[in-house]
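Data from work_7.tsv: TSV, N, CA and C atoms
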chain	number	residue	atom	x	y	z
A	724	MET	N	96.44	71.60	120.41
A	724	MET	CA	97.26	72.76	120.15
A	724	MET	C	96.57	73.61	119.07
A	725	PRO	N	96.34	74.89	119.34
A	725	PRO	CA	95.67	75.74	118.36
A	725	PRO	C	96.56	76.01	117.15
A	726	SER	N	95.92	76.08	116.01
A	726	SER	CA	96.67	76.36	114.78
A	726	SER	C	96.90	77.87	114.64
A	727	LYS	N	97.74	78.23	113.67
A	727	LYS	CA	98.03	79.65	113.45
A	727	LYS	C	96.76	80.42	113.07
A	728	SER	N	95.83	79.78	112.40
A	728	SER	CA	94.61	80.46	111.99
A	728	SER	C	93.65	80.70	113.15
A	729	ALA	N	93.97	80.16	114.32
A	729	ALA	CA	93.10	80.34	115.48
A	729	ALA	C	93.33	81.68	116.18
A	730	LYS	N	94.28	82.48	115.68
A	730	LYS	CA	94.54	83.79	116.29
A	730	LYS	C	93.33	84.69	116.09
A	731	PRO	N	93.10	85.60	117.00
A	731	PRO	CA	91.99	86.53	116.82
A	731	PRO	C	92.20	87.40	115.57
A	732	SER	N	91.13	87.74	114.89
A	732	SER	CA	91.22	88.51	113.65
A	732	SER	C	91.83	89.89	113.87
A	733	VAL	N	91.73	90.42	115.08
A	733	VAL	CA	92.26	91.74	115.37
A	733	VAL	C	93.78	91.76	115.17
A	734	SER	N	94.47	90.74	115.64
A	734	SER	CA	95.93	90.72	115.51
A	734	SER	C	96.36	90.54	114.06
A	735	ARG	N	95.54	89.91	113.23
A	735	ARG	CA	95.90	89.72	111.84
A	735	ARG	C	95.65	90.97	111.01
A	736	ARG	N	94.94	91.90	111.52
A	736	ARG	CA	94.58	93.09	110.75
A	736	ARG	C	95.18	94.37	111.33
A	737	TRP	N	96.32	94.24	111.97
A	737	TRP	CA	96.93	95.42	112.59
A	737	TRP	C	97.30	96.48	111.56
A	738	SER	N	97.72	96.07	110.37
A	738	SER	CA	98.10	97.06	109.35
A	738	SER	C	96.87	97.80	108.84
A	739	GLN	N	95.75	97.12	108.74
A	739	GLN	CA	94.51	97.79	108.36
A	739	GLN	C	94.13	98.81	109.42
A	740	HIS	N	94.30	98.43	110.67
A	740	HIS	CA	94.00	99.34	111.77
A	740	HIS	C	94.90	100.59	111.70
A	741	VAL	N	96.19	100.39	111.42
A	741	VAL	CA	97.12	101.51	111.31
A	741	VAL	C	96.71	102.43	110.17
A	742	THR	N	96.39	101.85	109.02
A	742	THR	CA	95.99	102.64	107.86
A	742	THR	C	94.74	103.47	108.15
A	743	GLN	N	93.79	102.88	108.86
A	743	GLN	CA	92.54	103.57	109.13
A	743	GLN	C	92.63	104.57	110.27
A	744	THR	N	93.53	104.35	111.21
A	744	THR	CA	93.55	105.20	112.40
A	744	THR	C	94.85	105.97	112.56
A	745	SER	N	95.64	106.05	111.50
A	745	SER	CA	96.92	106.74	111.58
A	745	SER	C	96.72	108.15	112.13
A	746	ASN	N	97.56	108.51	113.06
A	746	ASN	CA	97.47	109.83	113.67
A	746	ASN	C	98.20	110.88	112.83
A	747	ALA	N	98.97	110.45	111.85
A	747	ALA	CA	99.78	111.38	111.07
A	747	ALA	C	98.98	112.03	109.93
A	748	LEU	N	98.16	111.25	109.27
A	748	LEU	CA	97.40	111.78	108.12
A	748	LEU	C	95.92	111.41	108.25
A	749	ASP	N	95.06	112.30	107.82
A	749	ASP	CA	93.64	112.01	107.73
A	749	ASP	C	93.36	111.62	106.29
A	750	LEU	N	93.31	110.31	106.03
A	750	LEU	CA	93.15	109.80	104.68
A	750	LEU	C	91.69	109.71	104.29
A	751	ALA	N	91.43	109.94	103.01
A	751	ALA	CA	90.08	109.75	102.48
A	751	ALA	C	89.76	108.26	102.54
A	752	SER	N	88.52	107.95	102.76
A	752	SER	CA	88.09	106.56	102.86
A	752	SER	C	88.35	105.82	101.54
A	753	GLY	N	89.04	104.69	101.62
A	753	GLY	CA	89.29	103.86	100.45
A	753	GLY	C	90.30	104.41	99.46
A	754	VAL	N	91.11	105.37	99.87
A	754	VAL	CA	92.03	106.05	98.96
A	754	VAL	C	92.93	105.07	98.21
A	755	PHE	N	93.35	103.98	98.83
A	755	PHE	CA	94.27	103.06	98.18
A	755	PHE	C	93.57	102.07	97.25
A	756	THR	N	92.25	102.11	97.21
A	756	THR	CA	91.51	101.23	96.31
A	756	THR	C	91.07	101.93	95.04
A	757	TRP	N	91.29	103.23	94.97
A	757	TRP	CA	90.89	103.98	93.78
A	757	TRP	C	91.70	103.54	92.57
A	758	SER	N	91.15	103.72	91.38
A	758	SER	CA	91.82	103.27	90.15
A	758	SER	C	92.56	104.39	89.43
A	759	ASP	N	92.46	105.62	89.92
A	759	ASP	CA	93.11	106.75	89.27
A	759	ASP	C	94.33	107.19	90.09
A	760	PRO	N	95.55	106.96	89.58
A	760	PRO	CA	96.74	107.32	90.35
A	760	PRO	C	96.86	108.81	90.64
A	761	LYS	N	96.37	109.65	89.73
A	761	LYS	CA	96.42	111.10	89.95
A	761	LYS	C	95.51	111.50	91.10
A	762	ARG	N	94.36	110.87	91.18
A	762	ARG	CA	93.42	111.15	92.28
A	762	ARG	C	94.01	110.71	93.62
A	763	ILE	N	94.65	109.54	93.63
A	763	ILE	CA	95.29	109.05	94.85
A	763	ILE	C	96.37	110.03	95.29
A	764	ALA	N	97.23	110.45	94.34
A	764	ALA	CA	98.32	111.38	94.66
A	764	ALA	C	97.79	112.71	95.17
A	765	ARG	N	96.74	113.24	94.53
A	765	ARG	CA	96.15	114.51	94.98
A	765	ARG	C	95.65	114.39	96.41
A	766	SER	N	94.96	113.29	96.70
A	766	SER	CA	94.39	113.10	98.03
A	766	SER	C	95.49	112.95	99.08
A	767	LEU	N	96.52	112.16	98.79
A	767	LEU	CA	97.62	112.00	99.73
A	767	LEU	C	98.35	113.31	99.97
A	768	LYS	N	98.57	114.07	98.91
A	768	LYS	CA	99.26	115.36	99.04
A	768	LYS	C	98.43	116.31	99.91
A	769	ARG	N	97.14	116.36	99.64
A	769	ARG	CA	96.25	117.24	100.41
A	769	ARG	C	96.26	116.86	101.89
A	770	SER	N	96.19	115.56	102.16
A	770	SER	CA	96.20	115.09	103.55
A	770	SER	C	97.51	115.40	104.24
A	771	ALA	N	98.62	115.18	103.54
A	771	ALA	CA	99.94	115.41	104.14
A	771	ALA	C	100.19	116.89	104.39
A	772	GLU	N	99.78	117.74	103.47
A	772	GLU	CA	100.02	119.17	103.64
A	772	GLU	C	99.13	119.79	104.70
A	773	SER	N	97.95	119.23	104.90
A	773	SER	CA	97.05	119.81	105.90
A	773	SER	C	97.28	119.26	107.30
A	774	SER	N	98.07	118.19	107.42
A	774	SER	CA	98.32	117.58	108.72
A	774	SER	C	99.35	118.37	109.51
A	775	HIS	N	99.06	118.56	110.79
A	775	HIS	CA	100.01	119.20	111.69
A	775	HIS	C	100.59	118.18	112.66
A	776	ARG	N	100.23	116.90	112.46
A	776	ARG	CA	100.69	115.85	113.36
A	776	ARG	C	101.81	115.01	112.77
A	777	ARG	N	102.16	115.23	111.52
A	777	ARG	CA	103.20	114.43	110.88
A	777	ARG	C	104.56	114.81	111.42
A	778	LYS	N	105.50	113.89	111.31
A	778	LYS	CA	106.84	114.13	111.83
A	778	LYS	C	107.80	114.58	110.75
A	779	GLY	N	107.64	114.08	109.54
A	779	GLY	CA	108.53	114.43	108.43
A	779	GLY	C	107.92	115.48	107.54
A	780	SER	N	108.50	115.62	106.36
A	780	SER	CA	107.96	116.56	105.38
A	780	SER	C	106.65	115.98	104.82
A	781	PRO	N	105.84	116.80	104.17
A	781	PRO	CA	104.61	116.28	103.57
A	781	PRO	C	104.88	115.14	102.58
A	782	LEU	N	105.93	115.29	101.76
A	782	LEU	CA	106.26	114.23	100.79
A	782	LEU	C	106.63	112.95	101.52
A	783	GLN	N	107.45	113.05	102.55
A	783	GLN	CA	107.85	111.86	103.30
A	783	GLN	C	106.64	111.17	103.93
A	784	SER	N	105.74	111.94	104.49
A	784	SER	CA	104.57	111.36	105.14
A	784	SER	C	103.65	110.68	104.14
A	785	ALA	N	103.39	111.35	103.02
A	785	ALA	CA	102.50	110.78	102.01
A	785	ALA	C	103.12	109.52	101.40
A	786	MET	N	104.39	109.59	101.06
A	786	MET	CA	105.07	108.44	100.45
A	786	MET	C	105.17	107.29	101.45
A	787	SER	N	105.41	107.61	102.70
A	787	SER	CA	105.51	106.58	103.73
A	787	SER	C	104.19	105.82	103.87
A	788	MET	N	103.09	106.54	103.89
A	788	MET	CA	101.79	105.89	104.03
A	788	MET	C	101.48	105.03	102.81
A	789	LEU	N	101.81	105.52	101.62
A	789	LEU	CA	101.59	104.76	100.40
A	789	LEU	C	102.46	103.50	100.39
A	790	ASN	N	103.73	103.63	100.73
A	790	ASN	CA	104.62	102.46	100.78
A	790	ASN	C	104.17	101.47	101.85
A	791	PHE	N	103.73	101.97	102.97
A	791	PHE	CA	103.24	101.10	104.04
A	791	PHE	C	102.10	100.24	103.52
A	792	TYR	N	101.16	100.87	102.83
A	792	TYR	CA	100.02	100.12	102.31
A	792	TYR	C	100.46	99.08	101.29
A	793	ILE	N	101.32	99.48	100.37
A	793	ILE	CA	101.79	98.55	99.33
A	793	ILE	C	102.52	97.36	99.97
A	794	ASN	N	103.41	97.64	100.91
A	794	ASN	CA	104.19	96.57	101.55
A	794	ASN	C	103.33	95.65	102.39
A	795	ARG	N	102.36	96.19	103.10
A	795	ARG	CA	101.54	95.35	103.97
A	795	ARG	C	100.49	94.57	103.19
A	796	ALA	N	99.99	95.12	102.09
A	796	ALA	CA	99.00	94.39	101.29
A	796	ALA	C	99.67	93.22	100.59
A	797	GLY	N	100.92	93.42	100.19
A	797	GLY	CA	101.76	92.36	99.65
A	797	GLY	C	101.12	91.50	98.57
A	798	ALA	N	101.14	90.21	98.79
A	798	ALA	CA	100.67	89.25	97.80
A	798	ALA	C	99.17	89.32	97.57
A	799	HIS	N	98.45	89.93	98.48
A	799	HIS	CA	97.00	90.00	98.34
A	799	HIS	C	96.55	91.17	97.46
A	800	LEU	N	97.47	91.99	97.05
A	800	LEU	CA	97.15	93.14	96.21
A	800	LEU	C	97.17	92.71	94.75
A	801	PRO	N	96.07	92.89	94.01
A	801	PRO	CA	96.06	92.51	92.59
A	801	PRO	C	97.12	93.28	91.80
A	802	ALA	N	97.66	92.65	90.77
A	802	ALA	CA	98.71	93.26	89.95
A	802	ALA	C	98.26	94.61	89.38
A	803	LYS	N	97.00	94.69	88.98
A	803	LYS	CA	96.49	95.94	88.41
A	803	LYS	C	96.56	97.07	89.44
A	804	GLN	N	96.19	96.77	90.69
A	804	GLN	CA	96.22	97.81	91.73
A	804	GLN	C	97.65	98.15	92.12
A	805	LYS	N	98.56	97.17	92.07
A	805	LYS	CA	99.97	97.45	92.33
A	805	LYS	C	100.50	98.46	91.31
A	806	ARG	N	100.10	98.28	90.05
A	806	ARG	CA	100.53	99.22	89.00
A	806	ARG	C	99.95	100.61	89.25
A	807	VAL	N	98.70	100.67	89.63
A	807	VAL	CA	98.06	101.96	89.93
A	807	VAL	C	98.79	102.66	91.07
A	808	LEU	N	99.12	101.92	92.12
A	808	LEU	CA	99.79	102.52	93.27
A	808	LEU	C	101.23	102.92	92.94
A	809	ALA	N	101.90	102.16	92.09
A	809	ALA	CA	103.25	102.54	91.64
A	809	ALA	C	103.18	103.83	90.82
A	810	GLN	N	102.15	103.97	89.99
A	810	GLN	CA	101.95	105.20	89.23
A	810	GLN	C	101.62	106.35	90.16
A	811	ALA	N	100.89	106.06	91.22
A	811	ALA	CA	100.55	107.10	92.21
A	811	ALA	C	101.81	107.62	92.89
A	812	LYS	N	102.79	106.73	93.13
A	812	LYS	CA	104.06	107.16	93.72
A	812	LYS	C	104.77	108.15	92.79
A	813	GLU	N	104.80	107.83	91.51
A	813	GLU	CA	105.43	108.73	90.53
A	813	GLU	C	104.68	110.06	90.47
A	814	GLU	N	103.37	109.99	90.47
A	814	GLU	CA	102.55	111.20	90.42
A	814	GLU	C	102.75	112.04	91.67
A	815	LEU	N	102.89	111.41	92.80
A	815	LEU	CA	103.12	112.11	94.06
A	815	LEU	C	104.45	112.86	94.01
A	816	ARG	N	105.48	112.21	93.49
A	816	ARG	CA	106.78	112.88	93.34
A	816	ARG	C	106.67	114.10	92.43
A	817	LYS	N	105.94	113.95	91.32
A	817	LYS	CA	105.74	115.07	90.39
A	817	LYS	C	105.02	116.23	91.07
A	818	ARG	N	103.97	115.90	91.78
A	818	ARG	CA	103.17	116.96	92.43
A	818	ARG	C	103.96	117.72	93.48
A	819	PHE	N	104.84	117.05	94.20
A	819	PHE	CA	105.63	117.73	95.21
A	819	PHE	C	106.81	118.49	94.59
A	820	SER	N	107.24	118.12	93.42
A	820	SER	CA	108.35	118.82	92.79
A	820	SER	C	107.88	120.06	92.03
A	821	GLU	N	106.57	120.24	91.87
A	821	GLU	CA	106.01	121.40	91.14
A	821	GLU	C	106.07	122.68	91.93
A	822	LYS	N	106.32	122.62	93.22
A	822	LYS	CA	106.29	123.82	94.07
A	822	LYS	C	107.26	124.86	93.64
Could you write out this file's structure as structure tokens?
Amino acid sequence: MPSKSAKPSVSRRWSQHVTQTSNALDLASGVFTWSDPKRIARSLKRSAESSHRRKGSPLQSAMSMLNFYINRAGAHLPAKQKRVLAQAKEELRKRFSEK
């Protein structure tokens, strides 16, 4: 009987595939690994505002993609990067409220 780890790697990385090939936003490469929350927020905002394929508002799309990454990375995300991404969420809210 095959163990759970015998599954093909493709099925275990579906969230990575979604993040990389999302049809809603064109994300900069490695955006969620950056250490500057302001840079992450700027990039997400730029991507969301320039996209014509998103279904919600730019803020909803950007925040959704950020939350998706945080939730799917889960326990494998270092505490330092979780803090950076949480700060990026706050920065994203600030940037969208400046309009």
(request) Find the distance between CA of Leu782 (chain A) and CA of Leu808 (chain A) and write it in Å to one decimal. (result) 15.3 Å
(request) Just give me the gap between CA of Ser770 (chain A) and CA of Asp749 (chain A) in Å, one decimal is fine. (result)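 About the pair CA of Ser770 (chain A) and CA of Asp749 (chain A): they are 5.8 Å apart.
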Would you list the contacts of Val807 (chain A) as a compact mmCIF listing (two decimals) with N, CA and C atoms, in the coordinates of the input, taking every protein, DNA or RNA residue within 7 Å and counting only C-alpha atoms, but skipping same-chain residues closer than 2 positions in sequence?
# COMPACT_ATOMS: atom_id res chain seq x y z
N SER A 758 91.15 103.72 91.38
CA SER A 758 91.82 103.27 90.15
C SER A 758 92.56 104.39 89.43
N ASP A 759 92.46 105.62 89.92
CA ASP A 759 93.11 106.75 89.27
C ASP A 759 94.33 107.19 90.09
N PRO A 760 95.55 106.96 89.58
CA PRO A 760 96.74 107.32 90.35
C PRO A 760 96.86 108.81 90.64
N LYS A 803 97.00 94.69 88.98
CA LYS A 803 96.49 95.94 88.41
C LYS A 803 96.56 97.07 89.44
N GLN A 804 96.19 96.77 90.69
CA GLN A 804 96.22 97.81 91.73
C GLN A 804 97.65 98.15 92.12
N LYS A 805 98.56 97.17 92.07
CA LYS A 805 99.97 97.45 92.33
C LYS A 805 100.50 98.46 91.31
N ALA A 809 101.90 102.16 92.09
CA ALA A 809 103.25 102.54 91.64
C ALA A 809 103.18 103.83 90.82
N GLN A 810 102.15 103.97 89.99
CA GLN A 810 101.95 105.20 89.23
C GLN A 810 101.62 106.35 90.16
N ALA A 811 100.89 106.06 91.22
CA ALA A 811 100.55 107.10 92.21
C ALA A 811 101.81 107.62 92.89
(request) For CA of Glu814 (chain A) and CA of Ala764 (chain A), quote the distance in Å rounded to one decimal. (result)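 Interatomic distance, CA of Glu814 (chain A) to CA of Ala764 (chain A): 6.0 Å.
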(request) Tell me, as JSON, numbers by chain, which residues lie within 9 Å of Ile793 (chain A), counting only C-alpha atoms; anything in the same chain fewer than 3 positions away does not count. (result) {"A": [755, 788, 789, 790, 796, 797, 800, 805, 808, 809]}
Starting from 4 Å padding per side, set up an axis-aligned box that covers all listed atoms of region 788-805 of chain A and hand over centre and edge lengths in Å, one decimal, as lines of an AutoDock Vina configuration file.
center_x = 100.3
center_y = 97.9
center_z = 96.2
size_x = 16.6
size_y = 25.3
size_z = 23.6
(message) Let me make sure I understand: among A:Val754, A:Leu748, A:Ala802, A:Met786, which one has the smallest atom-to-atom distance to Ser766 (chain A) if we use only C-alpha atoms?
(response)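 Of A:Val754, A:Leu748, A:Ala802, A:Met786, the one nearest Ser766 (chain A), counting only C-alpha atoms, is A:Val754.
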Looking only at alpha helix (DSSP H) from DSSP on the backbone, list the matching residues of region 746-800 of chain A as a PDB file with N, CA and C atoms, in the coordinates of the input.
ATOM      1  N   PRO A 760      95.550 106.960  89.580  1.00  0.00           N
ATOM      2  CA  PRO A 760      96.740 107.320  90.350  1.00  0.00           C
ATOM      3  C   PRO A 760      96.860 108.810  90.640  1.00  0.00           C
ATOM      4  N   LYS A 761      96.370 109.650  89.730  1.00  0.00           N
ATOM      5  CA  LYS A 761      96.420 111.100  89.950  1.00  0.00           C
ATOM      6  C   LYS A 761      95.510 111.500  91.100  1.00  0.00           C
ATOM      7  N   ARG A 762      94.360 110.870  91.180  1.00  0.00           N
ATOM      8  CA  ARG A 762      93.420 111.150  92.280  1.00  0.00           C
ATOM      9  C   ARG A 762      94.010 110.710  93.620  1.00  0.00           C
ATOM     10  N   ILE A 763      94.650 109.540  93.630  1.00  0.00           N
ATOM     11  CA  ILE A 763      95.290 109.050  94.850  1.00  0.00           C
ATOM     12  C   ILE A 763      96.370 110.030  95.290  1.00  0.00           C
ATOM     13  N   ALA A 764      97.230 110.450  94.340  1.00  0.00           N
ATOM     14  CA  ALA A 764      98.320 111.380  94.660  1.00  0.00           C
ATOM     15  C   ALA A 764      97.790 112.710  95.170  1.00  0.00           C
ATOM     16  N   ARG A 765      96.740 113.240  94.530  1.00  0.00           N
ATOM     17  CA  ARG A 765      96.150 114.510  94.980  1.00  0.00           C
ATOM     18  C   ARG A 765      95.650 114.390  96.410  1.00  0.00           C
ATOM     19  N   SER A 766      94.960 113.290  96.700  1.00  0.00           N
ATOM     20  CA  SER A 766      94.390 113.100  98.030  1.00  0.00           C
ATOM     21  C   SER A 766      95.490 112.950  99.080  1.00  0.00           C
ATOM     22  N   LEU A 767      96.520 112.160  98.790  1.00  0.00           N
ATOM     23  CA  LEU A 767      97.620 112.000  99.730  1.00  0.00           C
ATOM     24  C   LEU A 767      98.350 113.310  99.970  1.00  0.00           C
ATOM     25  N   LYS A 768      98.570 114.070  98.910  1.00  0.00           N
ATOM     26  CA  LYS A 768      99.260 115.360  99.040  1.00  0.00           C
ATOM     27  C   LYS A 768      98.430 116.310  99.910  1.00  0.00           C
ATOM     28  N   ARG A 769      97.140 116.360  99.640  1.00  0.00           N
ATOM     29  CA  ARG A 769      96.250 117.240 100.410  1.00  0.00           C
ATOM     30  C   ARG A 769      96.260 116.860 101.890  1.00  0.00           C
ATOM     31  N   SER A 770      96.190 115.560 102.160  1.00  0.00           N
ATOM     32  CA  SER A 770      96.200 115.090 103.550  1.00  0.00           C
ATOM     33  C   SER A 770      97.510 115.400 104.240  1.00  0.00           C
ATOM     34  N   ALA A 771      98.620 115.180 103.540  1.00  0.00           N
ATOM     35  CA  ALA A 771      99.940 115.410 104.140  1.00  0.00           C
ATOM     36  C   ALA A 771     100.190 116.890 104.390  1.00  0.00           C
ATOM     37  N   GLU A 772      99.780 117.740 103.470  1.00  0.00           N
ATOM     38  CA  GLU A 772     100.020 119.170 103.640  1.00  0.00           C
ATOM     39  C   GLU A 772      99.130 119.790 104.700  1.00  0.00           C
ATOM     40  N   SER A 773      97.950 119.230 104.900  1.00  0.00           N
ATOM     41  CA  SER A 773      97.050 119.810 105.900  1.00  0.00           C
ATOM     42  C   SER A 773      97.280 119.260 107.300  1.00  0.00           C
ATOM     43  N   PRO A 781     105.840 116.800 104.170  1.00  0.00           N
ATOM     44  CA  PRO A 781     104.610 116.280 103.570  1.00  0.00           C
ATOM     45  C   PRO A 781     104.880 115.140 102.580  1.00  0.00           C
ATOM     46  N   LEU A 782     105.930 115.290 101.760  1.00  0.00           N
ATOM     47  CA  LEU A 782     106.260 114.230 100.790  1.00  0.00           C
ATOM     48  C   LEU A 782     106.630 112.950 101.520  1.00  0.00           C
ATOM     49  N   GLN A 783     107.450 113.050 102.550  1.00  0.00           N
ATOM     50  CA  GLN A 783     107.850 111.860 103.300  1.00  0.00           C
ATOM     51  C   GLN A 783     106.640 111.170 103.930  1.00  0.00           C
ATOM     52  N   SER A 784     105.740 111.940 104.490  1.00  0.00           N
ATOM     53  CA  SER A 784     104.570 111.360 105.140  1.00  0.00           C
ATOM     54  C   SER A 784     103.650 110.680 104.140  1.00  0.00           C
ATOM     55  N   ALA A 785     103.390 111.350 103.020  1.00  0.00           N
ATOM     56  CA  ALA A 785     102.500 110.780 102.010  1.00  0.00           C
ATOM     57  C   ALA A 785     103.120 109.520 101.400  1.00  0.00           C
ATOM     58  N   MET A 786     104.390 109.590 101.060  1.00  0.00           N
ATOM     59  CA  MET A 786     105.070 108.440 100.450  1.00  0.00           C
ATOM     60  C   MET A 786     105.170 107.290 101.450  1.00  0.00           C
ATOM     61  N   SER A 787     105.410 107.610 102.700  1.00  0.00           N
ATOM     62  CA  SER A 787     105.510 106.580 103.730  1.00  0.00           C
ATOM     63  C   SER A 787     104.190 105.820 103.870  1.00  0.00           C
ATOM     64  N   MET A 788     103.090 106.540 103.890  1.00  0.00           N
ATOM     65  CA  MET A 788     101.790 105.890 104.030  1.00  0.00           C
ATOM     66  C   MET A 788     101.480 105.030 102.810  1.00  0.00           C
ATOM     67  N   LEU A 789     101.810 105.520 101.620  1.00  0.00           N
ATOM     68  CA  LEU A 789     101.590 104.760 100.400  1.00  0.00           C
ATOM     69  C   LEU A 789     102.460 103.500 100.390  1.00  0.00           C
ATOM     70  N   ASN A 790     103.730 103.630 100.730  1.00  0.00           N
ATOM     71  CA  ASN A 790     104.620 102.460 100.780  1.00  0.00           C
ATOM     72  C   ASN A 790     104.170 101.470 101.850  1.00  0.00           C
ATOM     73  N   PHE A 791     103.730 101.970 102.970  1.00  0.00           N
ATOM     74  CA  PHE A 791     103.240 101.100 104.040  1.00  0.00           C
ATOM     75  C   PHE A 791     102.100 100.240 103.520  1.00  0.00           C
ATOM     76  N   TYR A 792     101.160 100.870 102.830  1.00  0.00           N
ATOM     77  CA  TYR A 792     100.020 100.120 102.310  1.00  0.00           C
ATOM     78  C   TYR A 792     100.460  99.080 101.290  1.00  0.00           C
ATOM     79  N   ILE A 793     101.320  99.480 100.370  1.00  0.00           N
ATOM     80  CA  ILE A 793     101.790  98.550  99.330  1.00  0.00           C
ATOM     81  C   ILE A 793     102.520  97.360  99.970  1.00  0.00           C
ATOM     82  N   ASN A 794     103.410  97.640 100.910  1.00  0.00           N
ATOM     83  CA  ASN A 794     104.190  96.570 101.550  1.00  0.00           C
ATOM     84  C   ASN A 794     103.330  95.650 102.390  1.00  0.00           C
ATOM     85  N   ARG A 795     102.360  96.190 103.100  1.00  0.00           N
ATOM     86  CA  ARG A 795     101.540  95.350 103.970  1.00  0.00           C
ATOM     87  C   ARG A 795     100.490  94.570 103.190  1.00  0.00           C
ATOM     88  N   ALA A 796      99.990  95.120 102.090  1.00  0.00           N
ATOM     89  CA  ALA A 796      99.000  94.390 101.290  1.00  0.00           C
ATOM     90  C   ALA A 796      99.670  93.220 100.590  1.00  0.00           C
TER      91      ALA A 796
END
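The closest residue to Ala771 (chain A), picked from A:Ala798, A:Leu815, A:Ala785, A:Leu750 and counting only C-alpha atoms, is A:Ala785.
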(request) For each of A:Ser784, A:Lys778, A:Lys768, A:Phe791, take the minimum atom-to-atom distance to Lys817 (chain A), counting only C-alpha atoms, then give the residue where this is smallest. (result) A:Lys768
